[in-house]
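**Q** Okay, here's the structure, questions in a sec.
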Amino acid sequence: MANEPFQMVTGQYRRPLSGKEKAAILLGELGGSAEGIFEHLTDAEVKKLRKAMRSLGKKVNWADETDVLAEANEWGVRKGIAKPVHSDAEIAALVKTAERKEKENEFRTMFLQNPDAIANALGAWLKEDK
């Protein structure tokens, strides 16, 4: 996995993201510190994720990233591992936090305290594409 966050790109056209793409974007946001999640995934899931990350490259549409972070946050709130985010501004703040090169930030800390739960979410997204 790359330790660099995704770069943002903008554009008018947006297609729906696949489950694999959503999972890859979330992993990209979690950065290199997400390696612990992989021990909770099957070999097939890891292979799908790595392929999706290669396919996306390092450029991700800002709106797609925001949508993925919002969906991940909603899931995290339901699981009791994240604080509710109520506005686009709060989601944008999460994105900015995730873009920092710092080793730890609030978004990563919330999610990485529960690698097995994140692995379950990634697995669910990967199953969306069947």
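For the structure tokens, the naming scheme is as follows: chains receive sequential letters (A, B, ...) according to their order of presentation, residues are indexed from 1 within each chain, and ligands are indexed from 1 in presentation order.
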Using the chain letters and numbers from this document, which residues of segment 32-63 of chain A does DSSP assign to helix (DSSP H, G or I), as a list in words?
**A** Gly32, Ser33, Ala34, Glu35, Gly36, Ile37, Phe38, Glu39, His40, Asp43, Ala44, Glu45, Val46, Lys47, Lys48, Leu49, Arg50, Lys51, Ala52, Met53, Arg54, Ser55, Leu56, Trp62 and Ala63 of chain A
**Q** Just the selected residues (N, CA, C and O atoms), exported as a short mmCIF file (atom, residue, chain, number, x, y, z; two decimals), in the first residue's frame, please.
**A**
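Saved result, out27.cif, follows:
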```cif
data_model
loop_
_atom_site.label_atom_id
_atom_site.label_comp_id
_atom_site.auth_asym_id
_atom_site.auth_seq_id
_atom_site.Cartn_x
_atom_site.Cartn_y
_atom_site.Cartn_z
N GLY A 32 -0.52 4.48 5.28
CA GLY A 32 0.31 3.32 5.61
C GLY A 32 0.01 2.73 6.98
O GLY A 32 0.29 1.57 7.23
N SER A 33 -0.60 3.54 7.85
CA SER A 33 -0.92 3.02 9.18
C SER A 33 -2.08 2.03 9.14
O SER A 33 -2.41 1.43 10.16
N ALA A 34 -2.67 1.81 7.98
CA ALA A 34 -3.79 0.87 7.85
C ALA A 34 -3.34 -0.57 7.62
O ALA A 34 -4.18 -1.45 7.48
N GLU A 35 -2.05 -0.80 7.60
CA GLU A 35 -1.55 -2.16 7.32
C GLU A 35 -2.15 -3.21 8.25
O GLU A 35 -2.34 -4.34 7.86
N GLY A 36 -2.43 -2.86 9.51
CA GLY A 36 -2.99 -3.81 10.46
C GLY A 36 -4.35 -4.34 10.06
O GLY A 36 -4.77 -5.41 10.51
N ILE A 37 -5.03 -3.62 9.19
CA ILE A 37 -6.35 -4.04 8.73
C ILE A 37 -6.23 -5.29 7.86
O ILE A 37 -7.10 -6.15 7.87
N PHE A 38 -5.13 -5.43 7.14
CA PHE A 38 -4.98 -6.52 6.20
C PHE A 38 -4.99 -7.90 6.85
O PHE A 38 -5.40 -8.86 6.23
N GLU A 39 -4.57 -7.99 8.09
CA GLU A 39 -4.58 -9.29 8.75
C GLU A 39 -6.01 -9.76 9.04
O GLU A 39 -6.22 -10.93 9.34
N HIS A 40 -6.97 -8.88 8.91
CA HIS A 40 -8.38 -9.22 9.12
C HIS A 40 -9.13 -9.47 7.81
O HIS A 40 -10.33 -9.71 7.83
N ASP A 43 -7.17 -13.31 1.66
CA ASP A 43 -6.21 -13.06 0.59
C ASP A 43 -6.90 -12.51 -0.64
O ASP A 43 -6.38 -11.61 -1.31
N ALA A 44 -8.09 -13.03 -0.94
CA ALA A 44 -8.84 -12.55 -2.11
C ALA A 44 -9.24 -11.09 -1.94
O ALA A 44 -9.18 -10.31 -2.90
N GLU A 45 -9.65 -10.70 -0.73
CA GLU A 45 -10.03 -9.30 -0.49
C GLU A 45 -8.82 -8.38 -0.62
O GLU A 45 -8.92 -7.30 -1.22
N VAL A 46 -7.69 -8.79 -0.10
CA VAL A 46 -6.46 -7.99 -0.21
C VAL A 46 -6.09 -7.81 -1.68
O VAL A 46 -5.75 -6.71 -2.12
N LYS A 47 -6.19 -8.89 -2.44
CA LYS A 47 -5.85 -8.83 -3.87
C LYS A 47 -6.78 -7.84 -4.59
O LYS A 47 -6.33 -7.01 -5.39
N LYS A 48 -8.09 -7.90 -4.29
CA LYS A 48 -9.05 -6.98 -4.91
C LYS A 48 -8.73 -5.53 -4.55
O LYS A 48 -8.80 -4.64 -5.38
N LEU A 49 -8.41 -5.31 -3.28
CA LEU A 49 -8.10 -3.95 -2.82
C LEU A 49 -6.85 -3.40 -3.50
O LEU A 49 -6.83 -2.25 -3.94
N ARG A 50 -5.83 -4.20 -3.56
CA ARG A 50 -4.58 -3.74 -4.19
C ARG A 50 -4.80 -3.43 -5.68
O ARG A 50 -4.30 -2.44 -6.20
N LYS A 51 -5.59 -4.27 -6.34
CA LYS A 51 -5.89 -4.03 -7.74
C LYS A 51 -6.70 -2.74 -7.90
O LYS A 51 -6.43 -1.93 -8.79
N ALA A 52 -7.67 -2.52 -7.02
CA ALA A 52 -8.48 -1.30 -7.08
C ALA A 52 -7.63 -0.06 -6.83
O ALA A 52 -7.80 0.97 -7.49
N MET A 53 -6.70 -0.15 -5.89
CA MET A 53 -5.83 0.99 -5.60
C MET A 53 -4.93 1.31 -6.79
O MET A 53 -4.74 2.47 -7.14
N ARG A 54 -4.41 0.27 -7.42
CA ARG A 54 -3.59 0.50 -8.63
C ARG A 54 -4.43 1.12 -9.73
O ARG A 54 -3.98 2.02 -10.44
N SER A 55 -5.65 0.63 -9.88
CA SER A 55 -6.53 1.13 -10.91
C SER A 55 -6.88 2.61 -10.71
O SER A 55 -6.91 3.39 -11.66
N LEU A 56 -7.12 3.00 -9.46
CA LEU A 56 -7.43 4.39 -9.16
C LEU A 56 -6.23 5.31 -9.34
O LEU A 56 -6.38 6.47 -9.68
N TRP A 62 -12.39 14.84 -5.71
CA TRP A 62 -12.67 15.39 -4.38
C TRP A 62 -14.05 14.96 -3.90
O TRP A 62 -14.22 14.54 -2.75
N ALA A 63 -15.04 15.05 -4.73
CA ALA A 63 -16.41 14.70 -4.34
C ALA A 63 -16.52 13.21 -4.03
O ALA A 63 -17.23 12.82 -3.10
#
```
**Q** Go through A:Lys127, A:Ala117, A:Lys59, A:Leu30 one by one, measure the shortest atom-to-atom distance of each to Arg78 of chain A using only C-alpha atoms, and give the residue with the smallest value.
**A**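 Between A:Lys127, A:Ala117, A:Lys59, A:Leu30, the residue approaching Arg78 of chain A most closely is A:Ala117.
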**Q** So which one's closest to Ala23 of chain A, A:Ala121, A:Ala89, A:Gln113, A:Asp129? Using only C-alpha atoms, please.
**A**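 Of all the options, A:Ala121 lies closest to Ala23 of chain A.
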**Q** Just the number, please: distance in Å from atom CA of Gly57 of chain A to atom CA of Trp125 of chain A, one decimal.
**A**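 Between atom CA of Gly57 of chain A and atom CA of Trp125 of chain A the gap works out to 18.8 Å.
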**Q** In Å to one decimal, how far is atom CA of Ile25 of chain A from atom CA of Glu65 of chain A?
**A**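 About the pair atom CA of Glu65 of chain A and atom CA of Ile25 of chain A: they are 6.6 Å apart.
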**Q** Got a sec: who's within 8 Å of Ala72 of chain A, counting only C-alpha atoms, leaving out chain neighbours fewer than 4 positions off, as a PyMOL selection string?
**A** chain A and resi 26+68+76
**Q** Using only C-alpha atoms, pick whichever of A:Lys58, A:Lys79, A:Arg15, A:Lys22 has the shortest atom-to-atom distance to Asn114 of chain A.
**A**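 Ranking A:Lys58, A:Lys79, A:Arg15, A:Lys22 by distance to Asn114 of chain A, first place goes to A:Lys79.
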**Q** Just the number, please: distance in Å from atom CA of Asp88 of chain A to atom CA of Leu17 of chain A, one decimal.
**A**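 Straight-line distance from atom CA of Asp88 of chain A to atom CA of Leu17 of chain A works out to 19.0 Å.
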**Q** Give the answer as one residue: which of A:Gly80, A:Gly28, A:Pro115, A:Pro16 has the shortest atom-to-atom distance to Val60 of chain A, using only C-alpha atoms?
**A** A:Gly28
**Q** Determine the nearest neighbour of Trp75 of chain A from the options A:Ile118, A:Gly31, A:Glu128, A:Gly123, counting only C-alpha atoms.
**A** A:Ile118
**Q** Choose the residue, out of A:Leu112, A:Ala124, A:Thr66, A:Thr42, that has the smallest atom-to-atom separation from Glu90 of chain A; count only C-alpha atoms.
**A**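 Once distances to Glu90 of chain A are computed over only C-alpha atoms, the minimum belongs to A:Thr66.
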